[in-house]
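run36.cif follows; it contains mmCIF, C-alpha atoms.
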data_model
loop_
_atom_site.group_PDB
_atom_site.id
_atom_site.type_symbol
_atom_site.label_atom_id
_atom_site.label_comp_id
_atom_site.auth_asym_id
_atom_site.auth_seq_id
_atom_site.Cartn_x
_atom_site.Cartn_y
_atom_site.Cartn_z
ATOM 1 C CA MET A 20 -41.124 80.309 -85.887
ATOM 2 C CA THR A 21 -40.164 78.539 -89.113
ATOM 3 C CA ALA A 22 -40.654 80.095 -92.537
ATOM 4 C CA LYS A 23 -43.493 77.644 -93.194
ATOM 5 C CA GLY A 24 -45.130 78.691 -89.921
ATOM 6 C CA VAL A 25 -44.818 82.395 -90.751
ATOM 7 C CA ILE A 26 -46.331 81.832 -94.203
ATOM 8 C CA LEU A 27 -49.192 79.774 -92.763
ATOM 9 C CA PHE A 28 -49.855 82.349 -90.030
ATOM 10 C CA THR A 29 -49.770 85.247 -92.504
ATOM 11 C CA ALA A 30 -52.031 83.421 -94.964
ATOM 12 C CA THR A 31 -54.507 82.522 -92.215
ATOM 13 C CA VAL A 32 -54.712 86.052 -90.792
ATOM 14 C CA GLY A 33 -55.009 87.570 -94.276
ATOM 15 C CA ALA A 34 -57.688 85.112 -95.315
ATOM 16 C CA LEU A 35 -59.686 85.707 -92.151
ATOM 17 C CA LEU A 36 -59.605 89.443 -92.756
ATOM 18 C CA LEU A 37 -60.639 89.066 -96.395
ATOM 19 C CA CYS A 38 -63.171 86.310 -95.843
ATOM 20 C CA SER A 39 -65.123 87.617 -92.909
ATOM 21 C CA CYS A 40 -68.771 86.721 -92.677
ATOM 22 C CA ALA A 41 -69.531 90.216 -91.415
ATOM 23 C CA LYS A 42 -72.460 92.015 -92.941
ATOM 24 C CA ASN A 43 -72.322 95.247 -94.869
ATOM 25 C CA GLU A 44 -73.077 97.836 -92.186
ATOM 26 C CA ASP A 45 -74.207 100.654 -94.517
ATOM 27 C CA THR A 46 -77.334 99.189 -96.106
ATOM 28 C CA GLY A 47 -79.659 102.184 -95.744
ATOM 29 C CA SER A 48 -79.476 103.203 -99.414
ATOM 30 C CA LEU A 49 -79.832 99.668 -100.803
ATOM 31 C CA THR A 50 -83.028 98.125 -102.149
ATOM 32 C CA GLU A 51 -84.477 95.159 -100.244
ATOM 33 C CA SER A 52 -83.089 92.729 -102.834
ATOM 34 C CA GLN A 53 -79.613 94.301 -102.582
ATOM 35 C CA GLN A 54 -79.776 94.127 -98.773
ATOM 36 C CA GLU A 55 -80.630 90.424 -98.902
ATOM 37 C CA GLN A 56 -77.672 89.828 -101.204
ATOM 38 C CA SER A 57 -75.336 91.840 -98.924
ATOM 39 C CA ASP A 58 -76.395 89.595 -96.011
ATOM 40 C CA PHE A 59 -75.205 86.470 -97.833
ATOM 41 C CA PRO A 60 -72.183 85.011 -95.983
ATOM 42 C CA ARG A 61 -69.251 85.766 -98.292
ATOM 43 C CA CYS A 62 -66.992 83.204 -96.618
ATOM 44 C CA ILE A 63 -68.938 80.292 -98.150
ATOM 45 C CA VAL A 64 -68.549 81.562 -101.714
ATOM 46 C CA GLY A 65 -66.156 79.513 -103.821
ATOM 47 C CA GLU A 66 -65.332 76.017 -104.985
ATOM 48 C CA TRP A 67 -65.207 73.228 -102.386
ATOM 49 C CA LYS A 68 -64.169 69.548 -102.429
ATOM 50 C CA CYS A 69 -65.752 67.206 -99.890
ATOM 51 C CA GLN A 70 -63.592 65.127 -97.565
ATOM 52 C CA GLU A 71 -63.906 61.346 -97.920
ATOM 53 C CA THR A 72 -66.192 60.727 -94.941
ATOM 54 C CA PRO A 73 -68.668 62.851 -92.974
ATOM 55 C CA LEU A 74 -67.667 63.877 -89.438
ATOM 56 C CA ASP A 75 -70.369 61.786 -87.791
ATOM 57 C CA ASN A 76 -70.292 58.572 -89.826
ATOM 58 C CA SER A 77 -67.064 57.080 -91.141
ATOM 59 C CA GLU A 78 -69.017 54.327 -92.937
ATOM 60 C CA LEU A 79 -70.453 56.776 -95.471
ATOM 61 C CA TYR A 80 -68.352 57.870 -98.447
ATOM 62 C CA SER A 81 -68.688 61.454 -99.617
ATOM 63 C CA GLY A 82 -65.313 62.090 -101.268
ATOM 64 C CA TYR A 83 -66.904 62.251 -104.700
ATOM 65 C CA LEU A 84 -68.763 65.499 -103.944
ATOM 66 C CA SER A 85 -67.819 68.952 -105.126
ATOM 67 C CA LEU A 86 -69.690 72.161 -104.350
ATOM 68 C CA ILE A 87 -69.698 75.515 -106.090
ATOM 69 C CA ILE A 88 -71.324 78.487 -104.339
ATOM 70 C CA ARG A 89 -71.612 81.811 -106.150
ATOM 71 C CA SER A 90 -71.900 85.229 -104.506
ATOM 72 C CA ASP A 91 -75.522 85.559 -105.701
ATOM 73 C CA GLY A 92 -76.474 82.465 -103.648
ATOM 74 C CA ASN A 93 -76.689 80.008 -106.544
ATOM 75 C CA TYR A 94 -75.066 76.658 -105.840
ATOM 76 C CA LEU A 95 -74.314 73.337 -107.466
ATOM 77 C CA MET A 96 -73.395 70.195 -105.524
ATOM 78 C CA TYR A 97 -72.300 67.477 -107.903
ATOM 79 C CA ASP A 98 -70.696 64.067 -108.164
ATOM 80 C CA ALA A 99 -67.205 64.967 -109.430
ATOM 81 C CA GLU A 100 -66.461 61.358 -110.391
ATOM 82 C CA ALA A 101 -69.570 60.835 -112.551
ATOM 83 C CA GLY A 102 -70.315 64.474 -113.365
ATOM 84 C CA ASN A 103 -73.936 64.215 -112.222
ATOM 85 C CA PRO A 104 -75.598 67.037 -110.269
ATOM 86 C CA CYS A 105 -76.855 66.076 -106.810
ATOM 87 C CA LEU A 106 -78.404 69.377 -105.758
ATOM 88 C CA LYS A 107 -78.746 72.657 -107.599
ATOM 89 C CA GLY A 108 -80.516 75.859 -106.723
ATOM 90 C CA THR A 109 -80.189 78.803 -104.377
ATOM 91 C CA ILE A 110 -79.046 79.297 -100.813
ATOM 92 C CA GLU A 111 -80.885 81.652 -98.469
ATOM 93 C CA THR A 112 -80.046 82.618 -94.905
ATOM 94 C CA ASP A 113 -82.506 82.091 -92.064
ATOM 95 C CA SER A 114 -83.772 85.054 -90.057
ATOM 96 C CA ASN A 115 -81.081 84.566 -87.387
ATOM 97 C CA ASP A 116 -78.231 84.006 -89.899
ATOM 98 C CA LEU A 117 -77.370 80.804 -88.021
ATOM 99 C CA ASP A 118 -78.347 78.340 -90.722
ATOM 100 C CA LEU A 119 -78.465 78.209 -94.483
ATOM 101 C CA ILE A 120 -81.586 77.208 -96.365
ATOM 102 C CA PHE A 121 -80.752 75.101 -99.403
ATOM 103 C CA VAL A 122 -83.483 75.377 -102.032
ATOM 104 C CA ASP A 123 -83.301 72.876 -104.868
ATOM 105 C CA ASP A 124 -85.248 74.587 -107.620
ATOM 106 C CA SER A 125 -83.384 73.212 -110.600
ATOM 107 C CA GLY A 126 -85.959 70.809 -111.940
ATOM 108 C CA VAL A 127 -83.220 68.192 -112.476
ATOM 109 C CA ASP A 128 -82.918 64.924 -110.579
ATOM 110 C CA PHE A 129 -82.947 65.594 -106.842
ATOM 111 C CA ALA A 130 -80.236 63.319 -105.399
ATOM 112 C CA PRO A 131 -79.098 64.330 -101.898
ATOM 113 C CA PRO A 132 -75.698 62.991 -100.773
ATOM 114 C CA ALA A 133 -75.210 59.949 -98.527
ATOM 115 C CA GLY A 134 -76.623 60.609 -95.076
ATOM 116 C CA TRP A 135 -78.897 63.376 -96.360
ATOM 117 C CA GLU A 136 -81.348 61.052 -98.167
ATOM 118 C CA ASN A 137 -84.418 62.409 -96.324
ATOM 119 C CA MET A 138 -83.581 66.001 -97.191
ATOM 120 C CA SER A 139 -86.431 68.070 -98.616
ATOM 121 C CA LYS A 140 -86.150 70.421 -101.587
ATOM 122 C CA ARG A 141 -86.167 73.347 -99.132
ATOM 123 C CA GLN A 142 -83.940 72.340 -96.244
ATOM 124 C CA GLU A 143 -82.352 74.186 -93.329
ATOM 125 C CA ILE A 144 -78.662 73.257 -93.070
ATOM 126 C CA GLY A 145 -76.331 74.235 -90.244
ATOM 127 C CA TYR A 146 -72.952 75.587 -91.271
ATOM 128 C CA PHE A 147 -69.522 76.656 -90.101
ATOM 129 C CA ALA A 148 -67.037 78.313 -92.420
ATOM 130 C CA ASP A 149 -63.562 79.732 -92.328
ATOM 131 C CA ALA A 150 -61.131 80.513 -95.135
ATOM 132 C CA TYR A 151 -60.308 76.855 -95.832
ATOM 133 C CA THR A 152 -63.161 74.714 -94.492
ATOM 134 C CA LEU A 153 -66.929 74.589 -94.900
ATOM 135 C CA LYS A 154 -68.964 72.262 -92.683
ATOM 136 C CA LEU A 155 -72.580 71.630 -93.662
ATOM 137 C CA THR A 156 -74.782 69.774 -91.165
ATOM 138 C CA TYR A 157 -78.061 68.122 -92.104
ATOM 139 C CA THR A 158 -80.221 67.059 -89.149
ATOM 140 C CA ASP A 159 -83.087 64.569 -89.348
ATOM 141 C CA ASN A 160 -84.873 63.424 -86.166
ATOM 142 C CA ASN A 161 -81.921 64.197 -83.852
ATOM 143 C CA ASN A 162 -79.466 62.442 -86.208
ATOM 144 C CA SER A 163 -77.018 64.671 -88.005
ATOM 145 C CA VAL A 164 -74.526 64.194 -90.802
ATOM 146 C CA THR A 165 -71.858 66.846 -91.323
ATOM 147 C CA LEU A 166 -70.141 67.025 -94.682
ATOM 148 C CA VAL A 167 -66.732 68.715 -94.480
ATOM 149 C CA PHE A 168 -65.528 70.563 -97.563
ATOM 150 C CA ASP A 169 -62.040 71.931 -98.189
ATOM 151 C CA ALA A 170 -61.493 75.044 -100.276
ATOM 152 C CA VAL A 171 -60.185 74.018 -103.692
ATOM 153 C CA ASN A 172 -57.735 76.922 -103.824
ATOM 154 C CA ALA A 173 -56.385 76.545 -100.264
ATOM 155 C CA PRO A 174 -52.587 76.535 -99.899
ATOM 156 C CA ASN A 175 -51.036 73.047 -99.826
ATOM 157 C CA GLU A 176 -49.796 73.613 -96.247
ATOM 158 C CA VAL A 177 -53.416 73.835 -95.106
ATOM 159 C CA LYS A 178 -54.698 70.853 -97.121
ATOM 160 C CA ASN A 179 -52.111 68.469 -95.649
#

Now, as a test, write the supplied structure out as structure tokens.
Amino acid sequence: MTAKGVILFTATVGALLLCSCAKNEDTGSLTESQQEQSDFPRCIVGEWKCQETPLDNSELYSGYLSLIIRSDGNYLMYDAEAGNPCLKGTIETDSNDLDLIFVDDSGVDFAPPAGWENMSKRQEIGYFADAYTLKLTYTDNNNSVTLVFDAVNAPNEVKN
């Protein structure tokens, strides 16, 4: 194995251990609000940059999007080129922890990204996350558009 391969392997294993989406097992002494916060998937927290095109539609352009998700569930999706917010609010988890519920409660202009135009202000969004990638899938009448975000602070070996 090359030195680059060893570094990539070590970084991947370390990141997976640190960025697990596992829940806090000892929640008996926490308040209900604290328990809800402990259930929030930690692996989606961070700063993300969207890839140029969604997985399902190469004709749409989404490379201008950036996404910031905080550990308290607050998020901001914005147009990094123009500086305008697209969506802003809070993220909740559904009862099965399979989807995220994006709630836009900001009161600013509601401007969903390309392919998500019919999104409501409280929308269930499918997701997959690992240490370096976040995939968010919006589904509307059996049509889906998956935006793929890369972690801003991912090692260069992973980005390329």

Which one of A:Ala150, A:Leu117, A:Asp124, A:Arg141 sits closest to Arg61 in chain A if you count all atoms listed in the file?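 Smallest separation from Arg61 in chain A among the options: A:Ala150.
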
I'd like the interatomic distance between CA of Leu79 in chain A and CA of Glu111 in chain A, to a tenth of an Å. 27.1 Å

Counting only C-alpha atoms, closest pick from A:Glu66, A:Asp149, A:Asp75, A:Asp169 relative to Ser90 in chain A is A:Glu66

Just how far from CA of Phe129 in chain A is CA of Asn160 in chain A, in Å to one decimal?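 Separation of CA of Asn160 in chain A and CA of Phe129 in chain A: 20.9 Å.
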
Give, as lines of an AutoDock Vina configuration file, the centre coordinates and the x, y and z edge lengths in Å to one decimal for an axis-aligned box around all listed atoms of range 67-83 of chain A, padded by 6 Å on each side.
center_x = -67.0
center_y = 63.8
center_z = -96.2
size_x = 18.9
size_y = 30.9
size_z = 28.9

Specify as a PyMOL selection string each residue included when the PyMOL selection byres ((chain A and resi 88) around 7) is applied to this file. chain A and resi 63-66+86-87+89-90+92-95

Given the file shown, determine the residues that the PyMOL selection byres ((chain A and resi 165) around 10) selects; report them as a ChimeraX atom specification. /A:72-76,134-135,144-146,153-158,163-164,166-168
